[in-house]
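Next up, data33.cif (mmCIF, N, CA and C atoms):
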data_coords
#
loop_
_atom_site.label_atom_id
_atom_site.label_comp_id
_atom_site.auth_asym_id
_atom_site.auth_seq_id
_atom_site.Cartn_x
_atom_site.Cartn_y
_atom_site.Cartn_z
N MET A 1 -0.04 -1.44 -1.82
CA MET A 1 0.01 -1.06 -0.43
C MET A 1 1.25 -1.62 0.24
N SER A 2 1.80 -2.67 -0.26
CA SER A 2 2.95 -3.30 0.38
C SER A 2 4.19 -2.41 0.35
N SER A 3 4.33 -1.56 -0.67
CA SER A 3 5.50 -0.70 -0.75
C SER A 3 5.32 0.59 0.05
N THR A 4 4.13 0.83 0.60
CA THR A 4 3.86 2.02 1.37
C THR A 4 4.09 1.73 2.84
N ASN A 5 4.86 2.59 3.49
CA ASN A 5 5.11 2.47 4.91
C ASN A 5 3.90 3.04 5.64
N LEU A 6 3.15 2.20 6.36
CA LEU A 6 1.92 2.60 7.02
C LEU A 6 2.14 2.63 8.53
N SER A 7 1.82 3.78 9.14
CA SER A 7 1.99 3.93 10.58
C SER A 7 0.68 4.42 11.19
N ILE A 8 0.22 3.75 12.26
CA ILE A 8 -1.01 4.14 12.95
C ILE A 8 -0.64 4.45 14.40
N ASN A 9 -0.87 5.69 14.81
CA ASN A 9 -0.50 6.15 16.15
C ASN A 9 -1.73 6.58 16.93
N GLY A 10 -1.70 6.37 18.23
CA GLY A 10 -2.79 6.80 19.10
C GLY A 10 -2.30 7.81 20.12
N HIS A 11 -3.09 8.85 20.35
CA HIS A 11 -2.76 9.86 21.36
C HIS A 11 -3.90 9.88 22.36
N HIS A 12 -3.61 9.53 23.62
CA HIS A 12 -4.62 9.37 24.67
C HIS A 12 -5.58 8.25 24.29
N LEU A 13 -5.07 7.27 23.55
CA LEU A 13 -5.89 6.20 23.02
C LEU A 13 -4.99 5.01 22.73
N GLU A 14 -5.43 3.82 23.13
CA GLU A 14 -4.69 2.62 22.78
C GLU A 14 -5.21 2.11 21.44
N VAL A 15 -4.30 1.91 20.50
CA VAL A 15 -4.69 1.40 19.18
C VAL A 15 -4.77 -0.12 19.29
N THR A 16 -5.99 -0.61 19.45
CA THR A 16 -6.22 -2.04 19.60
C THR A 16 -6.14 -2.72 18.24
N PRO A 17 -5.97 -4.03 18.22
CA PRO A 17 -5.95 -4.74 16.93
C PRO A 17 -7.23 -4.50 16.11
N ALA A 18 -8.38 -4.38 16.77
CA ALA A 18 -9.62 -4.13 16.04
C ALA A 18 -9.60 -2.76 15.37
N ILE A 19 -9.13 -1.75 16.09
CA ILE A 19 -9.03 -0.39 15.52
C ILE A 19 -8.02 -0.39 14.37
N ARG A 20 -6.86 -1.03 14.58
CA ARG A 20 -5.82 -1.09 13.56
C ARG A 20 -6.36 -1.75 12.28
N GLU A 21 -7.07 -2.85 12.43
CA GLU A 21 -7.62 -3.56 11.27
C GLU A 21 -8.66 -2.70 10.55
N TYR A 22 -9.50 -2.00 11.32
CA TYR A 22 -10.53 -1.13 10.72
C TYR A 22 -9.88 0.01 9.93
N VAL A 23 -8.86 0.63 10.51
CA VAL A 23 -8.16 1.73 9.83
C VAL A 23 -7.50 1.21 8.55
N MET A 24 -6.83 0.08 8.63
CA MET A 24 -6.14 -0.47 7.46
C MET A 24 -7.13 -0.79 6.34
N LYS A 25 -8.29 -1.33 6.71
CA LYS A 25 -9.31 -1.65 5.72
C LYS A 25 -9.80 -0.38 5.01
N LYS A 26 -10.02 0.68 5.77
CA LYS A 26 -10.51 1.93 5.20
C LYS A 26 -9.44 2.65 4.38
N ILE A 27 -8.21 2.66 4.85
CA ILE A 27 -7.14 3.40 4.19
C ILE A 27 -6.62 2.65 2.96
N GLU A 28 -6.83 1.35 2.90
CA GLU A 28 -6.40 0.57 1.74
C GLU A 28 -7.02 1.13 0.45
N ARG A 29 -8.28 1.53 0.53
CA ARG A 29 -8.97 2.11 -0.63
C ARG A 29 -8.28 3.40 -1.08
N VAL A 30 -7.85 4.21 -0.12
CA VAL A 30 -7.18 5.47 -0.43
C VAL A 30 -5.84 5.20 -1.11
N LEU A 31 -5.08 4.28 -0.57
CA LEU A 31 -3.74 4.01 -1.09
C LEU A 31 -3.78 3.31 -2.45
N LYS A 32 -4.91 2.67 -2.78
CA LYS A 32 -5.04 2.06 -4.10
C LYS A 32 -5.02 3.11 -5.21
N HIS A 33 -5.47 4.32 -4.88
CA HIS A 33 -5.56 5.38 -5.88
C HIS A 33 -4.24 6.08 -6.14
N THR A 34 -3.25 5.84 -5.32
CA THR A 34 -1.94 6.44 -5.57
C THR A 34 -0.88 5.36 -5.59
N ASP A 35 -0.23 5.19 -6.73
CA ASP A 35 0.77 4.13 -6.85
C ASP A 35 2.11 4.56 -6.28
N ASN A 36 2.32 5.85 -6.10
CA ASN A 36 3.65 6.31 -5.71
C ASN A 36 3.73 6.84 -4.28
N ALA A 37 2.78 6.52 -3.42
CA ALA A 37 2.84 6.95 -2.03
C ALA A 37 3.96 6.19 -1.33
N THR A 38 4.84 6.92 -0.63
CA THR A 38 5.94 6.27 0.07
C THR A 38 5.61 6.00 1.53
N ALA A 39 4.70 6.81 2.11
CA ALA A 39 4.33 6.61 3.51
C ALA A 39 2.94 7.16 3.76
N ALA A 40 2.26 6.56 4.73
CA ALA A 40 0.97 7.06 5.20
C ALA A 40 1.01 7.00 6.72
N ILE A 41 0.80 8.14 7.35
CA ILE A 41 0.84 8.22 8.81
C ILE A 41 -0.55 8.61 9.29
N ILE A 42 -1.17 7.74 10.09
CA ILE A 42 -2.50 7.99 10.61
C ILE A 42 -2.37 8.23 12.11
N ASN A 43 -2.93 9.34 12.57
CA ASN A 43 -2.93 9.68 13.99
C ASN A 43 -4.37 9.69 14.48
N LEU A 44 -4.63 8.96 15.55
CA LEU A 44 -5.94 8.92 16.17
C LEU A 44 -5.82 9.52 17.56
N SER A 45 -6.74 10.40 17.93
CA SER A 45 -6.67 10.98 19.28
C SER A 45 -8.06 11.20 19.84
N VAL A 46 -8.11 11.19 21.17
CA VAL A 46 -9.34 11.47 21.88
C VAL A 46 -9.16 12.81 22.57
N GLU A 47 -10.04 13.74 22.24
CA GLU A 47 -10.05 15.05 22.88
C GLU A 47 -11.36 15.12 23.67
N PRO A 48 -11.50 16.07 24.55
CA PRO A 48 -12.76 16.14 25.30
C PRO A 48 -13.98 16.20 24.36
N LEU A 49 -14.85 15.21 24.47
CA LEU A 49 -16.09 15.09 23.71
C LEU A 49 -15.92 14.86 22.21
N LYS A 50 -14.69 14.70 21.72
CA LYS A 50 -14.48 14.50 20.29
C LYS A 50 -13.40 13.46 20.04
N HIS A 51 -13.52 12.78 18.91
CA HIS A 51 -12.49 11.86 18.44
C HIS A 51 -11.94 12.45 17.15
N ARG A 52 -10.63 12.44 17.03
CA ARG A 52 -9.98 13.07 15.88
C ARG A 52 -9.11 12.04 15.17
N ALA A 53 -9.16 12.07 13.86
CA ALA A 53 -8.30 11.20 13.04
C ALA A 53 -7.70 12.06 11.96
N ASP A 54 -6.39 11.91 11.73
CA ASP A 54 -5.76 12.63 10.62
C ASP A 54 -4.80 11.71 9.90
N ILE A 55 -4.52 12.08 8.66
CA ILE A 55 -3.62 11.27 7.83
C ILE A 55 -2.70 12.20 7.06
N THR A 56 -1.46 11.77 6.95
CA THR A 56 -0.49 12.41 6.08
C THR A 56 -0.02 11.35 5.09
N VAL A 57 -0.24 11.61 3.81
CA VAL A 57 0.19 10.70 2.76
C VAL A 57 1.37 11.36 2.06
N ARG A 58 2.50 10.70 2.08
CA ARG A 58 3.69 11.24 1.43
C ARG A 58 3.81 10.68 0.03
N VAL A 59 3.84 11.59 -0.93
CA VAL A 59 4.08 11.25 -2.33
C VAL A 59 5.31 12.03 -2.75
N PRO A 60 6.01 11.62 -3.77
CA PRO A 60 7.23 12.33 -4.16
C PRO A 60 6.99 13.84 -4.36
N GLY A 61 7.71 14.64 -3.60
CA GLY A 61 7.63 16.09 -3.73
C GLY A 61 6.50 16.75 -2.97
N LYS A 62 5.68 15.99 -2.24
CA LYS A 62 4.54 16.60 -1.57
C LYS A 62 4.04 15.73 -0.43
N GLU A 63 3.45 16.40 0.58
CA GLU A 63 2.75 15.69 1.65
C GLU A 63 1.29 16.12 1.61
N LEU A 64 0.40 15.15 1.54
CA LEU A 64 -1.03 15.43 1.51
C LEU A 64 -1.58 15.17 2.91
N PHE A 65 -2.30 16.14 3.48
CA PHE A 65 -2.79 16.04 4.85
C PHE A 65 -4.28 16.34 4.90
N CYS A 66 -5.01 15.57 5.68
CA CYS A 66 -6.40 15.91 5.98
C CYS A 66 -6.76 15.32 7.34
N GLU A 67 -7.84 15.86 7.92
CA GLU A 67 -8.26 15.41 9.24
C GLU A 67 -9.78 15.39 9.32
N ALA A 68 -10.28 14.64 10.30
CA ALA A 68 -11.71 14.55 10.54
C ALA A 68 -11.95 14.48 12.04
N THR A 69 -13.00 15.14 12.49
CA THR A 69 -13.36 15.14 13.91
C THR A 69 -14.84 14.76 14.02
N GLU A 70 -15.12 13.78 14.86
CA GLU A 70 -16.50 13.31 15.07
C GLU A 70 -16.69 12.93 16.53
N ASP A 71 -17.93 12.64 16.90
CA ASP A 71 -18.24 12.21 18.26
C ASP A 71 -17.80 10.77 18.51
N ASP A 72 -17.71 9.97 17.45
CA ASP A 72 -17.36 8.55 17.55
C ASP A 72 -16.08 8.29 16.77
N LEU A 73 -15.18 7.49 17.31
CA LEU A 73 -13.91 7.22 16.65
C LEU A 73 -14.09 6.58 15.28
N TYR A 74 -14.98 5.60 15.19
CA TYR A 74 -15.19 4.92 13.91
C TYR A 74 -15.80 5.86 12.86
N ALA A 75 -16.66 6.78 13.29
CA ALA A 75 -17.22 7.78 12.38
C ALA A 75 -16.11 8.72 11.89
N ALA A 76 -15.19 9.08 12.79
CA ALA A 76 -14.06 9.93 12.40
C ALA A 76 -13.17 9.23 11.39
N ILE A 77 -12.94 7.93 11.58
CA ILE A 77 -12.12 7.15 10.64
C ILE A 77 -12.82 7.06 9.28
N ASP A 78 -14.14 6.84 9.29
CA ASP A 78 -14.90 6.78 8.03
C ASP A 78 -14.81 8.10 7.29
N MET A 79 -15.03 9.21 8.01
CA MET A 79 -14.98 10.52 7.38
C MET A 79 -13.57 10.81 6.86
N LEU A 80 -12.56 10.42 7.62
CA LEU A 80 -11.17 10.61 7.19
C LEU A 80 -10.89 9.84 5.91
N ALA A 81 -11.35 8.61 5.83
CA ALA A 81 -11.12 7.80 4.63
C ALA A 81 -11.76 8.46 3.41
N ASP A 82 -12.98 8.98 3.58
CA ASP A 82 -13.66 9.64 2.46
C ASP A 82 -12.91 10.90 2.03
N LYS A 83 -12.52 11.72 3.01
CA LYS A 83 -11.79 12.96 2.69
C LYS A 83 -10.44 12.65 2.03
N ALA A 84 -9.73 11.69 2.59
CA ALA A 84 -8.41 11.34 2.05
C ALA A 84 -8.53 10.77 0.64
N ASP A 85 -9.57 10.00 0.39
CA ASP A 85 -9.79 9.44 -0.94
C ASP A 85 -10.01 10.56 -1.96
N ARG A 86 -10.85 11.54 -1.61
CA ARG A 86 -11.07 12.68 -2.51
C ARG A 86 -9.79 13.48 -2.71
N MET A 87 -9.01 13.67 -1.64
CA MET A 87 -7.77 14.43 -1.71
C MET A 87 -6.76 13.75 -2.64
N VAL A 88 -6.60 12.45 -2.50
CA VAL A 88 -5.64 11.71 -3.33
C VAL A 88 -6.08 11.71 -4.79
N LEU A 89 -7.37 11.53 -5.04
CA LEU A 89 -7.87 11.56 -6.42
C LEU A 89 -7.68 12.95 -7.04
N LYS A 90 -7.90 14.00 -6.25
CA LYS A 90 -7.70 15.37 -6.75
C LYS A 90 -6.23 15.60 -7.09
N HIS A 91 -5.33 15.14 -6.23
CA HIS A 91 -3.90 15.28 -6.48
C HIS A 91 -3.51 14.52 -7.75
N LYS A 92 -4.04 13.32 -7.90
CA LYS A 92 -3.73 12.50 -9.08
C LYS A 92 -4.24 13.17 -10.35
N THR A 93 -5.44 13.75 -10.28
CA THR A 93 -6.02 14.45 -11.43
C THR A 93 -5.19 15.68 -11.80
N LYS A 94 -4.79 16.46 -10.79
CA LYS A 94 -3.96 17.64 -11.05
C LYS A 94 -2.65 17.24 -11.71
N LYS A 95 -2.06 16.17 -11.19
CA LYS A 95 -0.78 15.71 -11.73
C LYS A 95 -0.90 15.26 -13.19
N SER A 96 -1.98 14.51 -13.49
CA SER A 96 -2.15 14.03 -14.86
C SER A 96 -2.53 15.18 -15.80
N ASP A 97 -3.32 16.16 -15.31
CA ASP A 97 -3.65 17.33 -16.12
C ASP A 97 -2.41 18.14 -16.45
N ALA A 98 -1.53 18.30 -15.49
CA ALA A 98 -0.29 19.05 -15.71
C ALA A 98 0.59 18.32 -16.72
N ALA A 99 0.61 17.00 -16.66
CA ALA A 99 1.42 16.21 -17.60
C ALA A 99 0.85 16.36 -19.02
N ARG A 100 -0.47 16.39 -19.14
CA ARG A 100 -1.09 16.54 -20.46
C ARG A 100 -0.81 17.93 -21.04
N ARG A 101 -0.86 18.96 -20.19
CA ARG A 101 -0.59 20.32 -20.66
C ARG A 101 0.86 20.48 -21.10
N ALA A 102 1.76 19.75 -20.49
CA ALA A 102 3.19 19.86 -20.81
C ALA A 102 3.51 19.24 -22.16
N VAL A 103 2.66 18.34 -22.64
CA VAL A 103 2.92 17.64 -23.90
C VAL A 103 2.54 18.49 -25.08
#
Could you show the structure in this file as structure tokens?
Amino acid sequence: MSSTNLSINGHHLEVTPAIREYVMKKIERVLKHTDNATAAIINLSVEPLKHRADITVRVPGKELFCEATEDDLYAAIDMLADKADRMVLKHKTKKSDAARRAV
């Protein structure tokens, strides 16, 4: 995680130290599954009656994006972490399958 540039942004929302720590704790699991991520950008926003969280994970040659919308900000972050984890694992599996087929 230390080599990954991590950015957490808030739109109509102040990113407090508690929110930042919670996001980092959840996203750490996602970034563990990809050794070559160069950046991860997390955007948190409050829309009328909904909280939205999205992430863009930059890996060489590709940007992986997913988002989650929930009634509660922490629920949106949890759902985002789960979705992003599945997305990164799927990308890693596709990449390794392609490498095996090339051999």
Point to revise | Selection result of the PyMOL selection byres (((chain A and resi 73 and name CA) around 9) and name CA) on this file, as an MDAnalysis selection string | key: chainID A and resid 44:46 50:53 69:72 74:78
Check your understanding: What do you get, as a VMD selection string, if you spell out every residue that the PyMOL selection byres (((chain A and resi 28-37 and name CA) around 9) and name CA) selects here?
Key -> chain A and resid 1 3 to 5 23 to 27 38 to 40 57 to 60 81 to 82 84 to 86 88 to 89 92
Selected residues, N, CA and C atoms, written as an mmCIF file, keeping the file's coordinate frame, please.
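Ended up saving to again.cif:
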data_model
loop_
_atom_site.group_PDB
_atom_site.id
_atom_site.type_symbol
_atom_site.label_atom_id
_atom_site.label_comp_id
_atom_site.auth_asym_id
_atom_site.auth_seq_id
_atom_site.Cartn_x
_atom_site.Cartn_y
_atom_site.Cartn_z
ATOM 1 N N MET A 1 -0.040 -1.440 -1.820
ATOM 2 C CA MET A 1 0.010 -1.060 -0.430
ATOM 3 C C MET A 1 1.250 -1.620 0.240
ATOM 4 N N SER A 3 4.330 -1.560 -0.670
ATOM 5 C CA SER A 3 5.500 -0.700 -0.750
ATOM 6 C C SER A 3 5.320 0.590 0.050
ATOM 7 N N THR A 4 4.130 0.830 0.600
ATOM 8 C CA THR A 4 3.860 2.020 1.370
ATOM 9 C C THR A 4 4.090 1.730 2.840
ATOM 10 N N ASN A 5 4.860 2.590 3.490
ATOM 11 C CA ASN A 5 5.110 2.470 4.910
ATOM 12 C C ASN A 5 3.900 3.040 5.640
ATOM 13 N N VAL A 23 -8.860 0.630 10.510
ATOM 14 C CA VAL A 23 -8.160 1.730 9.830
ATOM 15 C C VAL A 23 -7.500 1.210 8.550
ATOM 16 N N MET A 24 -6.830 0.080 8.630
ATOM 17 C CA MET A 24 -6.140 -0.470 7.460
ATOM 18 C C MET A 24 -7.130 -0.790 6.340
ATOM 19 N N LYS A 25 -8.290 -1.330 6.710
ATOM 20 C CA LYS A 25 -9.310 -1.650 5.720
ATOM 21 C C LYS A 25 -9.800 -0.380 5.010
ATOM 22 N N LYS A 26 -10.020 0.680 5.770
ATOM 23 C CA LYS A 26 -10.510 1.930 5.200
ATOM 24 C C LYS A 26 -9.440 2.650 4.380
ATOM 25 N N ILE A 27 -8.210 2.660 4.850
ATOM 26 C CA ILE A 27 -7.140 3.400 4.190
ATOM 27 C C ILE A 27 -6.620 2.650 2.960
ATOM 28 N N THR A 38 4.840 6.920 -0.630
ATOM 29 C CA THR A 38 5.940 6.270 0.070
ATOM 30 C C THR A 38 5.610 6.000 1.530
ATOM 31 N N ALA A 39 4.700 6.810 2.110
ATOM 32 C CA ALA A 39 4.330 6.610 3.510
ATOM 33 C C ALA A 39 2.940 7.160 3.760
ATOM 34 N N ALA A 40 2.260 6.560 4.730
ATOM 35 C CA ALA A 40 0.970 7.060 5.200
ATOM 36 C C ALA A 40 1.010 7.000 6.720
ATOM 37 N N VAL A 57 -0.240 11.610 3.810
ATOM 38 C CA VAL A 57 0.190 10.700 2.760
ATOM 39 C C VAL A 57 1.370 11.360 2.060
ATOM 40 N N ARG A 58 2.500 10.700 2.080
ATOM 41 C CA ARG A 58 3.690 11.240 1.430
ATOM 42 C C ARG A 58 3.810 10.680 0.030
ATOM 43 N N VAL A 59 3.840 11.590 -0.930
ATOM 44 C CA VAL A 59 4.080 11.250 -2.330
ATOM 45 C C VAL A 59 5.310 12.030 -2.750
ATOM 46 N N PRO A 60 6.010 11.620 -3.770
ATOM 47 C CA PRO A 60 7.230 12.330 -4.160
ATOM 48 C C PRO A 60 6.990 13.840 -4.360
ATOM 49 N N ALA A 81 -11.350 8.610 5.830
ATOM 50 C CA ALA A 81 -11.120 7.800 4.630
ATOM 51 C C ALA A 81 -11.760 8.460 3.410
ATOM 52 N N ASP A 82 -12.980 8.980 3.580
ATOM 53 C CA ASP A 82 -13.660 9.640 2.460
ATOM 54 C C ASP A 82 -12.910 10.900 2.030
ATOM 55 N N ALA A 84 -9.730 11.690 2.590
ATOM 56 C CA ALA A 84 -8.410 11.340 2.050
ATOM 57 C C ALA A 84 -8.530 10.770 0.640
ATOM 58 N N ASP A 85 -9.570 10.000 0.390
ATOM 59 C CA ASP A 85 -9.790 9.440 -0.940
ATOM 60 C C ASP A 85 -10.010 10.560 -1.960
ATOM 61 N N ARG A 86 -10.850 11.540 -1.610
ATOM 62 C CA ARG A 86 -11.070 12.680 -2.510
ATOM 63 C C ARG A 86 -9.790 13.480 -2.710
ATOM 64 N N VAL A 88 -6.600 12.450 -2.500
ATOM 65 C CA VAL A 88 -5.640 11.710 -3.330
ATOM 66 C C VAL A 88 -6.080 11.710 -4.790
ATOM 67 N N LEU A 89 -7.370 11.530 -5.040
ATOM 68 C CA LEU A 89 -7.870 11.560 -6.420
ATOM 69 C C LEU A 89 -7.680 12.950 -7.040
ATOM 70 N N LYS A 92 -4.040 13.320 -7.900
ATOM 71 C CA LYS A 92 -3.730 12.500 -9.080
ATOM 72 C C LYS A 92 -4.240 13.170 -10.350
#
Revision key, fill the gap. One decimal place gives the atom CA of Gly10 of chain A-atom CA of Ile41 of chain A separation as 11.0 Å
Point to revise | Polymer residues at most 5 Å from Cys66 of chain A, all atoms listed in the file, same-chain spacing of 2 or more positions, as a list of chain:residue names | key: A:Asp54, A:Ile55, A:Leu64, A:Ala68
Each side padded by 8 Å, which centre and which edge lengths in Å (one decimal) define the axis-aligned box around the listed atoms of segment 64-73 of chain A? Give them as lines of an AutoDock Vina configuration file.
center_x = -8.9
center_y = 11.5
center_z = 10.0
size_x = 34.6
size_y = 25.8
size_z = 33.0
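Distance-wise, atom CA of Lys83 of chain A and atom CA of Ile42 of chain A end up 13.2 Å apart.
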Check your understanding: Hey, can you check how far atom CA of Glu14 of chain A sits from atom CA of Glu47 of chain A?
Key -> 13.5 Å
